[in-house]
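Q: Data file run12.tsv (TSV, C-alpha atoms) is appended below.
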```
chain	number	residue	atom	x	y	z
A	16	MET	CA	-22.31	-2.03	3.50
A	17	ASP	CA	-22.10	-4.15	6.65
A	18	GLN	CA	-19.23	-6.22	5.26
A	19	THR	CA	-16.04	-5.97	7.34
A	20	LEU	CA	-13.06	-3.99	6.08
A	21	SER	CA	-9.81	-5.77	6.96
A	22	LEU	CA	-6.91	-3.34	7.14
A	23	VAL	CA	-3.31	-4.55	7.33
A	24	LEU	CA	-1.49	-1.61	8.87
A	25	PHE	CA	2.23	-1.95	8.20
A	26	SER	CA	3.57	1.60	7.88
A	27	GLY	CA	4.68	3.59	10.89
A	28	THR	CA	4.79	7.19	9.67
A	29	ASP	CA	2.29	9.73	10.97
A	30	ASP	CA	0.88	10.50	7.50
A	31	LYS	CA	-0.01	6.88	6.72
A	32	LEU	CA	-1.22	6.23	10.27
A	33	ASN	CA	-3.43	9.29	9.94
A	34	SER	CA	-4.75	8.17	6.58
A	35	ALA	CA	-5.56	4.75	8.05
A	36	ALA	CA	-7.26	6.36	11.05
A	37	VAL	CA	-9.35	8.66	8.90
A	38	MET	CA	-10.36	5.87	6.51
A	39	THR	CA	-11.32	3.77	9.56
A	40	ALA	CA	-13.36	6.58	11.12
A	41	GLY	CA	-15.16	7.16	7.81
A	42	ALA	CA	-15.97	3.47	7.49
A	43	ALA	CA	-17.16	3.30	11.12
A	44	ALA	CA	-19.33	6.38	10.53
A	45	ILE	CA	-21.32	4.60	7.82
A	46	GLY	CA	-21.66	1.41	9.88
A	47	LYS	CA	-18.88	-0.65	8.30
A	48	PRO	CA	-16.99	-2.86	10.79
A	49	VAL	CA	-13.18	-2.47	10.60
A	50	HIS	CA	-10.61	-5.08	11.61
A	51	ILE	CA	-7.08	-3.64	11.83
A	52	PHE	CA	-4.03	-5.94	11.84
A	53	LEU	CA	-0.81	-4.26	13.01
A	54	GLN	CA	2.49	-5.33	11.50
A	55	TYR	CA	6.05	-4.06	11.66
A	56	TRP	CA	6.45	-0.28	12.03
A	57	ALA	CA	2.77	0.33	12.60
A	58	LEU	CA	2.86	-2.06	15.56
A	59	ASP	CA	5.96	-0.27	16.83
A	60	ALA	CA	4.04	3.03	16.71
A	61	PHE	CA	1.29	1.56	18.95
A	62	ARG	CA	3.69	0.90	21.83
A	63	ARG	CA	2.36	2.45	25.02
A	64	ASP	CA	5.50	4.54	25.49
A	65	ARG	CA	5.80	5.69	21.87
A	66	ILE	CA	2.29	6.31	20.63
A	67	ASP	CA	2.55	10.02	21.53
A	68	HIS	CA	5.91	10.51	19.81
A	69	GLU	CA	6.35	11.95	16.35
A	70	HIS	CA	6.73	9.16	13.79
A	71	GLY	CA	7.92	11.12	10.78
A	72	LEU	CA	6.40	11.29	7.31
A	73	ALA	CA	6.82	9.48	4.00
A	74	PRO	CA	10.11	10.41	2.29
A	75	GLU	CA	8.34	12.34	-0.49
A	76	ALA	CA	6.80	14.80	2.01
A	77	GLY	CA	9.63	17.29	1.62
A	78	PRO	CA	9.93	20.54	3.59
A	79	GLY	CA	6.58	21.84	2.30
A	80	GLY	CA	4.79	18.68	3.39
A	81	HIS	CA	6.40	18.73	6.83
A	82	ALA	CA	5.39	22.38	7.27
A	83	ALA	CA	1.79	21.67	6.20
A	84	VAL	CA	1.44	18.74	8.61
A	85	LYS	CA	2.97	20.76	11.44
A	86	ALA	CA	0.67	23.72	10.77
A	87	LEU	CA	-2.43	21.52	10.91
A	88	ALA	CA	-1.27	19.92	14.16
A	89	SER	CA	-0.66	23.37	15.68
A	90	ALA	CA	-4.16	24.38	14.58
A	91	GLY	CA	-5.52	21.62	16.81
A	92	GLN	CA	-5.97	18.69	14.42
A	93	GLU	CA	-6.45	15.54	16.43
A	94	THR	CA	-3.77	12.87	16.28
A	95	TRP	CA	-4.27	9.56	14.46
A	96	HIS	CA	-4.63	7.71	17.76
A	97	GLU	CA	-7.29	10.13	18.98
A	98	THR	CA	-9.13	9.61	15.68
A	99	LEU	CA	-8.91	5.84	16.17
A	100	ARG	CA	-10.21	6.14	19.72
A	101	GLN	CA	-13.21	8.07	18.44
A	102	ALA	CA	-13.74	5.55	15.66
A	103	LYS	CA	-13.88	2.81	18.30
A	104	ASP	CA	-16.53	4.78	20.21
A	105	LEU	CA	-18.45	5.41	17.02
A	106	GLY	CA	-18.51	1.98	15.45
A	107	GLU	CA	-17.24	-1.56	15.39
A	108	VAL	CA	-13.44	-1.21	15.21
A	109	GLU	CA	-11.11	-3.97	16.37
A	110	ILE	CA	-7.32	-3.65	16.48
A	111	GLN	CA	-5.17	-6.81	16.60
A	112	ALA	CA	-1.38	-7.08	16.70
A	113	CYS	CA	0.29	-9.56	14.34
A	114	SER	CA	1.91	-12.28	16.46
A	115	LEU	CA	4.97	-12.48	14.19
A	116	SER	CA	5.59	-8.76	14.57
A	117	MET	CA	5.21	-9.10	18.36
A	118	ASP	CA	8.04	-11.65	18.18
A	119	LEU	CA	10.11	-9.31	15.99
A	120	PHE	CA	10.05	-6.57	18.62
A	121	GLU	CA	10.09	-9.02	21.55
A	122	ILE	CA	7.17	-7.26	23.18
A	123	THR	CA	4.10	-8.41	25.10
A	124	PRO	CA	0.52	-7.07	25.05
A	125	ASP	CA	1.33	-4.98	28.12
A	126	ASP	CA	3.79	-2.99	26.02
A	127	LEU	CA	0.97	-1.83	23.73
A	128	ASP	CA	-1.46	1.04	24.01
A	129	PRO	CA	-4.93	-0.03	25.25
A	130	LEU	CA	-6.26	0.76	21.75
A	131	VAL	CA	-4.93	-2.68	20.79
A	132	ASP	CA	-7.48	-5.38	21.58
A	133	GLY	CA	-5.29	-8.47	21.26
A	134	VAL	CA	-2.77	-10.51	19.32
A	135	GLU	CA	-3.56	-12.84	16.43
A	136	GLY	CA	-1.77	-14.83	13.74
A	137	VAL	CA	-1.93	-14.38	9.99
A	138	ALA	CA	-4.20	-17.39	9.43
A	139	ALA	CA	-6.68	-16.01	11.98
A	140	PHE	CA	-6.57	-12.69	10.14
A	141	TRP	CA	-7.49	-14.37	6.85
A	142	MET	CA	-10.21	-16.46	8.46
A	143	ALA	CA	-11.79	-13.26	9.81
A	144	ALA	CA	-11.32	-11.41	6.50
A	145	GLY	CA	-13.09	-14.10	4.51
A	146	ASP	CA	-13.76	-12.80	1.01
A	147	GLY	CA	-14.29	-9.22	2.20
A	148	GLN	CA	-12.30	-6.07	1.48
A	149	VAL	CA	-8.61	-6.16	2.42
A	150	VAL	CA	-6.48	-3.03	2.32
A	151	PHE	CA	-2.75	-2.78	3.01
A	152	ILE	CA	-1.38	0.55	4.24
B	14	MET	CA	-16.27	-7.27	-14.02
B	15	ASP	CA	-18.37	-4.11	-13.99
B	16	GLN	CA	-17.83	-3.61	-10.26
B	17	THR	CA	-16.07	-0.33	-9.43
B	18	LEU	CA	-12.44	-0.33	-8.29
B	19	SER	CA	-11.91	2.28	-5.56
B	20	LEU	CA	-8.32	3.42	-5.41
B	21	VAL	CA	-7.00	5.50	-2.52
B	22	LEU	CA	-3.96	7.20	-3.99
B	23	PHE	CA	-1.76	8.47	-1.18
B	24	SER	CA	1.83	8.25	-2.48
B	25	GLY	CA	3.41	11.04	-4.47
B	26	THR	CA	6.43	9.44	-6.13
B	27	ASP	CA	6.50	8.95	-9.89
B	28	ASP	CA	6.90	5.16	-9.66
B	29	LYS	CA	3.79	4.65	-7.53
B	30	LEU	CA	1.82	7.25	-9.49
B	31	ASN	CA	2.80	5.40	-12.65
B	32	SER	CA	1.81	2.04	-11.18
B	33	ALA	CA	-1.56	3.51	-10.18
B	34	ALA	CA	-2.05	5.02	-13.65
B	35	VAL	CA	-1.17	1.77	-15.41
B	36	MET	CA	-3.43	-0.31	-13.13
B	37	THR	CA	-6.23	2.22	-13.78
B	38	ALA	CA	-5.73	2.12	-17.55
B	39	GLY	CA	-5.74	-1.69	-17.51
B	40	ALA	CA	-8.96	-1.74	-15.50
B	41	ALA	CA	-10.57	0.85	-17.79
B	42	ALA	CA	-9.49	-1.20	-20.82
B	43	ILE	CA	-11.53	-4.18	-19.64
B	44	GLY	CA	-14.54	-2.04	-18.76
B	45	LYS	CA	-14.04	-1.74	-15.02
B	46	PRO	CA	-15.01	1.68	-13.59
B	47	VAL	CA	-12.30	3.26	-11.42
B	48	HIS	CA	-12.85	5.79	-8.65
B	49	ILE	CA	-9.61	7.44	-7.50
B	50	PHE	CA	-9.42	9.28	-4.16
B	51	LEU	CA	-6.35	11.55	-3.80
B	52	GLN	CA	-4.79	11.99	-0.39
B	53	TYR	CA	-1.63	13.64	0.92
B	54	TRP	CA	1.39	13.52	-1.44
B	55	ALA	CA	-0.59	12.15	-4.35
B	56	LEU	CA	-2.92	15.12	-4.13
B	57	ASP	CA	0.11	17.42	-3.96
B	58	ALA	CA	1.40	15.85	-7.20
B	59	PHE	CA	-1.89	16.70	-8.97
B	60	ARG	CA	-1.48	20.45	-8.41
B	61	ARG	CA	-1.81	22.32	-11.68
B	62	ASP	CA	1.65	23.88	-11.33
B	63	ARG	CA	3.45	20.71	-10.19
B	64	ILE	CA	1.96	17.85	-12.17
B	65	ASP	CA	4.72	18.14	-14.80
B	66	HIS	CA	7.57	18.18	-12.26
B	67	GLU	CA	9.63	15.18	-11.31
B	68	HIS	CA	8.29	13.61	-8.10
B	69	GLY	CA	11.11	11.24	-7.25
B	70	LEU	CA	11.01	7.49	-6.68
B	71	ALA	CA	10.59	5.13	-3.73
B	72	PRO	CA	13.71	5.08	-1.52
B	73	GLU	CA	14.61	1.52	-2.56
B	74	ALA	CA	14.99	2.54	-6.23
B	75	GLY	CA	18.70	3.14	-5.89
B	76	PRO	CA	20.94	4.45	-8.68
B	77	GLY	CA	20.08	1.52	-10.99
B	78	GLY	CA	16.36	2.12	-10.58
B	79	HIS	CA	16.70	5.85	-11.21
B	80	ALA	CA	18.71	5.14	-14.36
B	81	ALA	CA	16.14	2.61	-15.62
B	82	VAL	CA	13.22	5.01	-15.08
B	83	LYS	CA	15.13	7.87	-16.75
B	84	ALA	CA	16.04	5.69	-19.75
B	85	LEU	CA	12.41	4.68	-20.29
B	86	ALA	CA	11.27	8.32	-20.07
B	87	SER	CA	13.94	9.33	-22.62
B	88	ALA	CA	12.73	6.55	-24.90
B	89	GLY	CA	9.34	8.29	-25.00
B	90	GLN	CA	7.36	6.50	-22.29
B	91	GLU	CA	4.27	8.52	-21.51
B	92	THR	CA	3.98	10.13	-18.07
B	93	TRP	CA	1.54	8.86	-15.45
B	94	HIS	CA	-0.75	11.85	-16.01
B	95	GLU	CA	-0.85	11.21	-19.75
B	96	THR	CA	-1.72	7.58	-19.01
B	97	LEU	CA	-4.51	8.74	-16.70
B	98	ARG	CA	-5.83	11.14	-19.35
B	99	GLN	CA	-6.00	8.26	-21.82
B	100	ALA	CA	-7.66	6.03	-19.24
B	101	LYS	CA	-10.34	8.70	-18.80
B	102	ASP	CA	-10.91	8.76	-22.57
B	103	LEU	CA	-10.99	4.98	-22.67
B	104	GLY	CA	-13.30	4.16	-19.79
B	105	GLU	CA	-15.13	5.31	-16.71
B	106	VAL	CA	-12.45	6.91	-14.52
B	107	GLU	CA	-13.30	9.47	-11.86
B	108	ILE	CA	-10.72	11.33	-9.77
B	109	GLN	CA	-11.74	12.98	-6.51
B	110	ALA	CA	-9.60	14.92	-4.05
B	111	CYS	CA	-9.93	14.09	-0.34
B	112	SER	CA	-11.38	17.14	1.41
B	113	LEU	CA	-9.15	16.67	4.47
B	114	SER	CA	-6.04	16.69	2.29
B	115	MET	CA	-7.31	19.83	0.52
B	116	ASP	CA	-7.39	21.45	3.98
B	117	LEU	CA	-3.92	20.16	4.75
B	118	PHE	CA	-2.43	21.95	1.77
B	119	GLU	CA	-4.83	24.91	2.01
B	120	ILE	CA	-5.68	24.63	-1.67
B	121	THR	CA	-8.88	25.02	-3.71
B	122	PRO	CA	-10.11	23.02	-6.73
B	123	ASP	CA	-8.65	25.74	-9.00
B	124	ASP	CA	-5.18	24.76	-7.80
B	125	LEU	CA	-5.60	21.25	-9.20
B	126	ASP	CA	-5.05	19.86	-12.69
B	127	PRO	CA	-8.28	19.43	-14.68
B	128	LEU	CA	-7.79	15.65	-14.39
B	129	VAL	CA	-9.35	16.02	-10.93
B	130	ASP	CA	-13.14	15.94	-11.14
B	131	GLY	CA	-14.01	17.23	-7.69
B	132	VAL	CA	-13.57	17.08	-3.93
B	133	GLU	CA	-15.24	14.61	-1.57
B	134	GLY	CA	-15.06	13.46	2.03
B	135	VAL	CA	-14.05	10.07	3.39
B	136	ALA	CA	-17.63	9.00	4.18
B	137	ALA	CA	-18.67	9.80	0.59
B	138	PHE	CA	-15.73	7.72	-0.62
B	139	TRP	CA	-16.89	4.72	1.42
B	140	MET	CA	-20.51	5.14	0.34
B	141	ALA	CA	-19.37	5.03	-3.29
B	142	ALA	CA	-17.01	2.10	-2.67
B	143	GLY	CA	-19.76	-0.02	-1.13
B	144	ASP	CA	-18.48	-3.57	-0.73
B	145	GLY	CA	-16.35	-3.39	-3.90
B	146	GLN	CA	-12.60	-3.59	-4.37
B	147	VAL	CA	-10.53	-1.01	-2.47
B	148	VAL	CA	-6.82	-0.60	-3.12
B	149	PHE	CA	-4.43	1.75	-1.31
B	150	ILE	CA	-1.32	2.92	-3.16
C	1	MET	CA	-12.85	-18.65	1.16
C	2	ASP	CA	-11.78	-20.15	-2.17
C	3	GLN	CA	-11.82	-16.76	-3.89
C	4	THR	CA	-8.42	-15.75	-5.29
C	5	LEU	CA	-6.38	-13.03	-3.60
C	6	SER	CA	-4.64	-10.86	-6.20
C	7	LEU	CA	-1.55	-9.21	-4.79
C	8	VAL	CA	0.24	-6.43	-6.65
C	9	LEU	CA	3.74	-6.52	-5.18
C	10	PHE	CA	5.51	-3.24	-5.94
C	11	SER	CA	7.86	-2.62	-3.00
C	12	GLY	CA	11.34	-4.04	-2.89
C	13	THR	CA	12.38	-3.77	0.75
C	14	ASP	CA	12.83	-6.90	2.85
C	15	ASP	CA	10.20	-5.89	5.40
C	16	LYS	CA	7.41	-5.44	2.83
C	17	LEU	CA	8.53	-8.51	0.88
C	18	ASN	CA	8.39	-10.46	4.12
C	19	SER	CA	4.96	-9.12	4.98
C	20	ALA	CA	3.73	-10.10	1.51
C	21	ALA	CA	5.27	-13.57	1.85
C	22	VAL	CA	3.74	-14.15	5.28
C	23	MET	CA	0.30	-12.91	4.16
C	24	THR	CA	0.57	-15.23	1.14
C	25	ALA	CA	1.57	-18.22	3.26
C	26	GLY	CA	-1.30	-17.56	5.66
C	27	ALA	CA	-3.78	-17.36	2.78
C	28	ALA	CA	-2.37	-20.53	1.21
C	29	ALA	CA	-2.62	-22.29	4.58
C	30	ILE	CA	-6.38	-21.76	4.69
C	31	GLY	CA	-6.85	-22.81	1.07
C	32	LYS	CA	-7.07	-19.38	-0.55
C	33	PRO	CA	-5.41	-19.18	-4.00
C	34	VAL	CA	-2.94	-16.26	-4.35
C	35	HIS	CA	-1.97	-14.56	-7.58
C	36	ILE	CA	1.09	-12.28	-7.18
C	37	PHE	CA	1.89	-9.62	-9.78
C	38	LEU	CA	5.46	-8.23	-9.53
C	39	GLN	CA	6.09	-4.61	-10.42
C	40	TYR	CA	9.02	-2.23	-10.14
C	41	TRP	CA	11.32	-2.79	-7.13
C	42	ALA	CA	9.64	-6.03	-6.11
C	43	LEU	CA	10.38	-7.46	-9.56
C	44	ASP	CA	13.96	-6.24	-9.23
C	45	ALA	CA	14.25	-8.16	-5.94
C	46	PHE	CA	13.19	-11.41	-7.68
C	47	ARG	CA	16.16	-11.34	-10.08
C	48	ARG	CA	18.03	-14.63	-9.94
C	49	ASP	CA	21.30	-12.93	-9.00
C	50	ARG	CA	19.81	-10.56	-6.40
C	51	ILE	CA	17.13	-12.50	-4.56
C	52	ASP	CA	19.62	-13.50	-1.84
C	53	HIS	CA	20.91	-9.97	-1.29
C	54	GLU	CA	19.76	-7.65	1.45
C	55	HIS	CA	17.09	-5.28	0.14
C	56	GLY	CA	16.91	-2.79	2.98
C	57	LEU	CA	13.91	-1.74	5.07
C	58	ALA	CA	11.28	0.99	4.94
C	59	PRO	CA	12.75	4.40	5.86
C	60	GLU	CA	10.83	4.53	9.18
C	61	ALA	CA	12.57	1.36	10.46
C	62	GLY	CA	15.31	3.35	12.22
C	63	PRO	CA	18.25	1.78	14.05
C	64	GLY	CA	15.98	-0.14	16.45
C	65	GLY	CA	14.03	-1.66	13.58
C	66	HIS	CA	17.16	-2.65	11.72
C	67	ALA	CA	18.53	-4.28	14.86
C	68	ALA	CA	15.29	-6.21	15.48
C	69	VAL	CA	15.16	-7.52	11.90
C	70	LYS	CA	18.82	-8.51	12.02
C	71	ALA	CA	18.39	-10.31	15.36
C	72	LEU	CA	15.46	-12.34	14.02
C	73	ALA	CA	17.42	-13.30	10.90
C	74	SER	CA	20.38	-14.39	13.04
C	75	ALA	CA	18.01	-16.48	15.15
C	76	GLY	CA	17.20	-18.48	12.01
C	77	GLN	CA	14.05	-16.79	10.68
C	78	GLU	CA	13.47	-17.92	7.12
C	79	THR	CA	13.79	-15.36	4.35
C	80	TRP	CA	10.77	-14.04	2.43
C	81	HIS	CA	11.68	-16.11	-0.62
C	82	GLU	CA	11.92	-19.29	1.46
C	83	THR	CA	8.49	-18.47	2.89
C	84	LEU	CA	7.13	-18.00	-0.63
C	85	ARG	CA	8.64	-21.30	-1.74
C	86	GLN	CA	6.88	-23.05	1.14
C	87	ALA	CA	3.64	-21.26	0.35
C	88	LYS	CA	3.86	-22.59	-3.21
C	89	ASP	CA	4.32	-26.13	-1.85
C	90	LEU	CA	1.47	-25.64	0.57
C	91	GLY	CA	-1.18	-24.12	-1.65
C	92	GLU	CA	-2.12	-22.52	-4.94
C	93	VAL	CA	0.33	-19.62	-5.34
C	94	GLU	CA	1.18	-18.15	-8.73
C	95	ILE	CA	3.78	-15.43	-9.29
C	96	GLN	CA	3.70	-13.37	-12.50
C	97	ALA	CA	6.00	-10.55	-13.55
C	98	CYS	CA	4.42	-7.37	-14.95
C	99	SER	CA	5.45	-7.06	-18.61
C	100	LEU	CA	5.87	-3.28	-18.35
C	101	SER	CA	8.28	-3.67	-15.43
C	102	MET	CA	10.20	-6.33	-17.41
C	103	ASP	CA	10.66	-3.65	-20.10
C	104	LEU	CA	11.72	-1.10	-17.50
C	105	PHE	CA	14.61	-3.27	-16.34
C	106	GLU	CA	15.26	-4.70	-19.81
C	107	ILE	CA	15.27	-8.25	-18.45
C	108	THR	CA	13.99	-11.59	-19.71
C	109	PRO	CA	12.32	-14.45	-17.79
C	110	ASP	CA	15.74	-16.16	-17.58
C	111	ASP	CA	16.95	-13.29	-15.38
C	112	LEU	CA	14.32	-14.13	-12.75
C	113	ASP	CA	14.34	-16.62	-9.91
C	114	PRO	CA	12.40	-19.84	-10.69
C	115	LEU	CA	9.80	-18.73	-8.12
C	116	VAL	CA	8.40	-16.55	-10.90
C	117	ASP	CA	6.00	-18.52	-13.09
C	118	GLY	CA	5.71	-16.18	-16.06
C	119	VAL	CA	5.11	-12.70	-17.42
C	120	GLU	CA	1.72	-11.06	-17.96
C	121	GLY	CA	0.24	-7.67	-18.79
C	122	VAL	CA	-1.95	-5.47	-16.63
C	123	ALA	CA	-5.16	-6.32	-18.51
C	124	ALA	CA	-4.49	-10.04	-18.00
C	125	PHE	CA	-3.95	-9.32	-14.31
C	126	TRP	CA	-7.36	-7.63	-14.05
C	127	MET	CA	-9.08	-10.37	-16.03
C	128	ALA	CA	-7.71	-12.94	-13.57
C	129	ALA	CA	-8.56	-10.77	-10.55
C	130	GLY	CA	-12.19	-10.39	-11.59
C	131	ASP	CA	-14.13	-8.85	-8.72
C	132	GLY	CA	-12.02	-10.60	-6.06
C	133	GLN	CA	-9.72	-9.18	-3.43
C	134	VAL	CA	-6.87	-6.98	-4.68
C	135	VAL	CA	-4.08	-5.84	-2.36
C	136	PHE	CA	-1.19	-3.52	-3.24
C	137	ILE	CA	2.01	-3.84	-1.20
```
I need this file expressed as structure tokens, please.
A:
Amino acid sequence: MDQTLSLVLFSGTDDKLNSAAVMTAGAAAIGKPVHIFLQYWALDAFRRDRIDHEHGLAPEAGPGGHAAVKALASAGQETWHETLRQAKDLGEVEIQACSLSMDLFEITPDDLDPLVDGVEGVAAFWMAAGDGQVVFI
Amino acid sequence: MDQTLSLVLFSGTDDKLNSAAVMTAGAAAIGKPVHIFLQYWALDAFRRDRIDHEHGLAPEAGPGGHAAVKALASAGQETWHETLRQAKDLGEVEIQACSLSMDLFEITPDDLDPLVDGVEGVAAFWMAAGDGQVVFI
Amino acid sequence: MDQTLSLVLFSGTDDKLNSAAVMTAGAAAIGKPVHIFLQYWALDAFRRDRIDHEHGLAPEAGPGGHAAVKALASAGQETWHETLRQAKDLGEVEIQACSLSMDLFEITPDDLDPLVDGVEGVAAFWMAAGDGQVVFI
């Protein structure tokens, strides 16, 4: 159970970010290290000046899904980035930005929320993942 | 090959639900146990009163994709929930609802199709997954 | 690190196809064999007469995302299929079409780009995957 979970986080909607955060917190809670690799729209969502914005939901959410998510937020549910912050306090959680996606958005580490620990390339990601679990969200 | 496949099923469109069902049936056919964990829009699609509805397709399907899926359904292709029912007859397939997503939709186990075996939390999911395969759809 | 990565490629948008191609190239670069299984909209994108078309982006891309992707392409970024071609030169990369998705689109292997090595069923996919890494994109 101490094998690292490598999580490629690609999607930038609040529902998938929340699912990733909750899965990460659950893994951290049972002592599983988590290595998150931010690509594309997920990386965009971790920008310092955007992390607090609304990032929409998957297209299939529909009006009922939007209402349910809004109701839970109004009831005080923590955001996905708060959940990730707690997961980092709780366990061994590392968040790296994909260098190619950094180039895509022409941003530097200073543009990212302090939740992000650094920037790495795809080969480094695979070296760290080894033969362990890899999940793409 | 007797290692359990843990499948986080998040998406609620018929194409992804069908892909998940077919992957599950294929795994069951070769004797691989499958543990499905329903989150968000996938859980919504397993509601007793909605499981038979149409749940749409991924946005990139386009008119050609919609026509192809409709033609196959008209030709008698089984639905994703029929495929899952058969997979459960065929092998060791367990379907659990994520407790946080149950809260999101404010539903109880009675609201779900009998395909769903129970409700569990994220930590329980990870404990069951161990260091085995984890796939997110 | 010589364990095979099995990649179910379902999505047909250029951003996810590019992410899959880059992840594959990175794995190939460190000597990891990659077995890609094309389903649904990803298979559609590998058609001989469509592989060069634009395939859109995930819905959350927004105008800023579209502009960033376009700017990188104009600056000479290689396409996802060029990246996959290089990955095949570089390492052990095999691309198989899912037989059920071939039926869905009513196409034959001749309709596919030569990048695709053959057609296989879901059970064959699982037999090849064994207990190794499986990623769904």
Q: Calculate how many Å separate CA of Ala28 (chain C) from CA of Lys88 (chain C), rounding to one decimal.
A: 7.9 Å
Q: Go through A:Gly147, A:Gly71, A:Pro124, A:Gly136 one by one, measure the shortest atom-to-atom distance of each to chain B using only C-alpha atoms, and give the residue with the smallest value.
A: A:Gly147
Q: Pull out every residue of chain C sitting within 6 Å of chain B, counting all atoms listed in the file, and send them as a list in words.
A: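 Applying the cut-off to the listed atoms yields Val122, Ala123, Gly130, Asp131 and Val135 of chain C.
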Q: Would you mind listing what lies within 7 Å of region 89-94 of chain C as a ChimeraX atom specification, with only C-alpha atoms counted and same-chain residues fewer than 4 positions away left out?
A: /C:28-29,31,33-36,85,117
Q: Mind checking which residues fall within 9 Å of region 60-64 of chain B, counting all atoms listed in the file, ignoring those fewer than 5 positions away in the same chain, and posting them as a PyMOL selection string?
A: chain B and resi 94+120+123-127
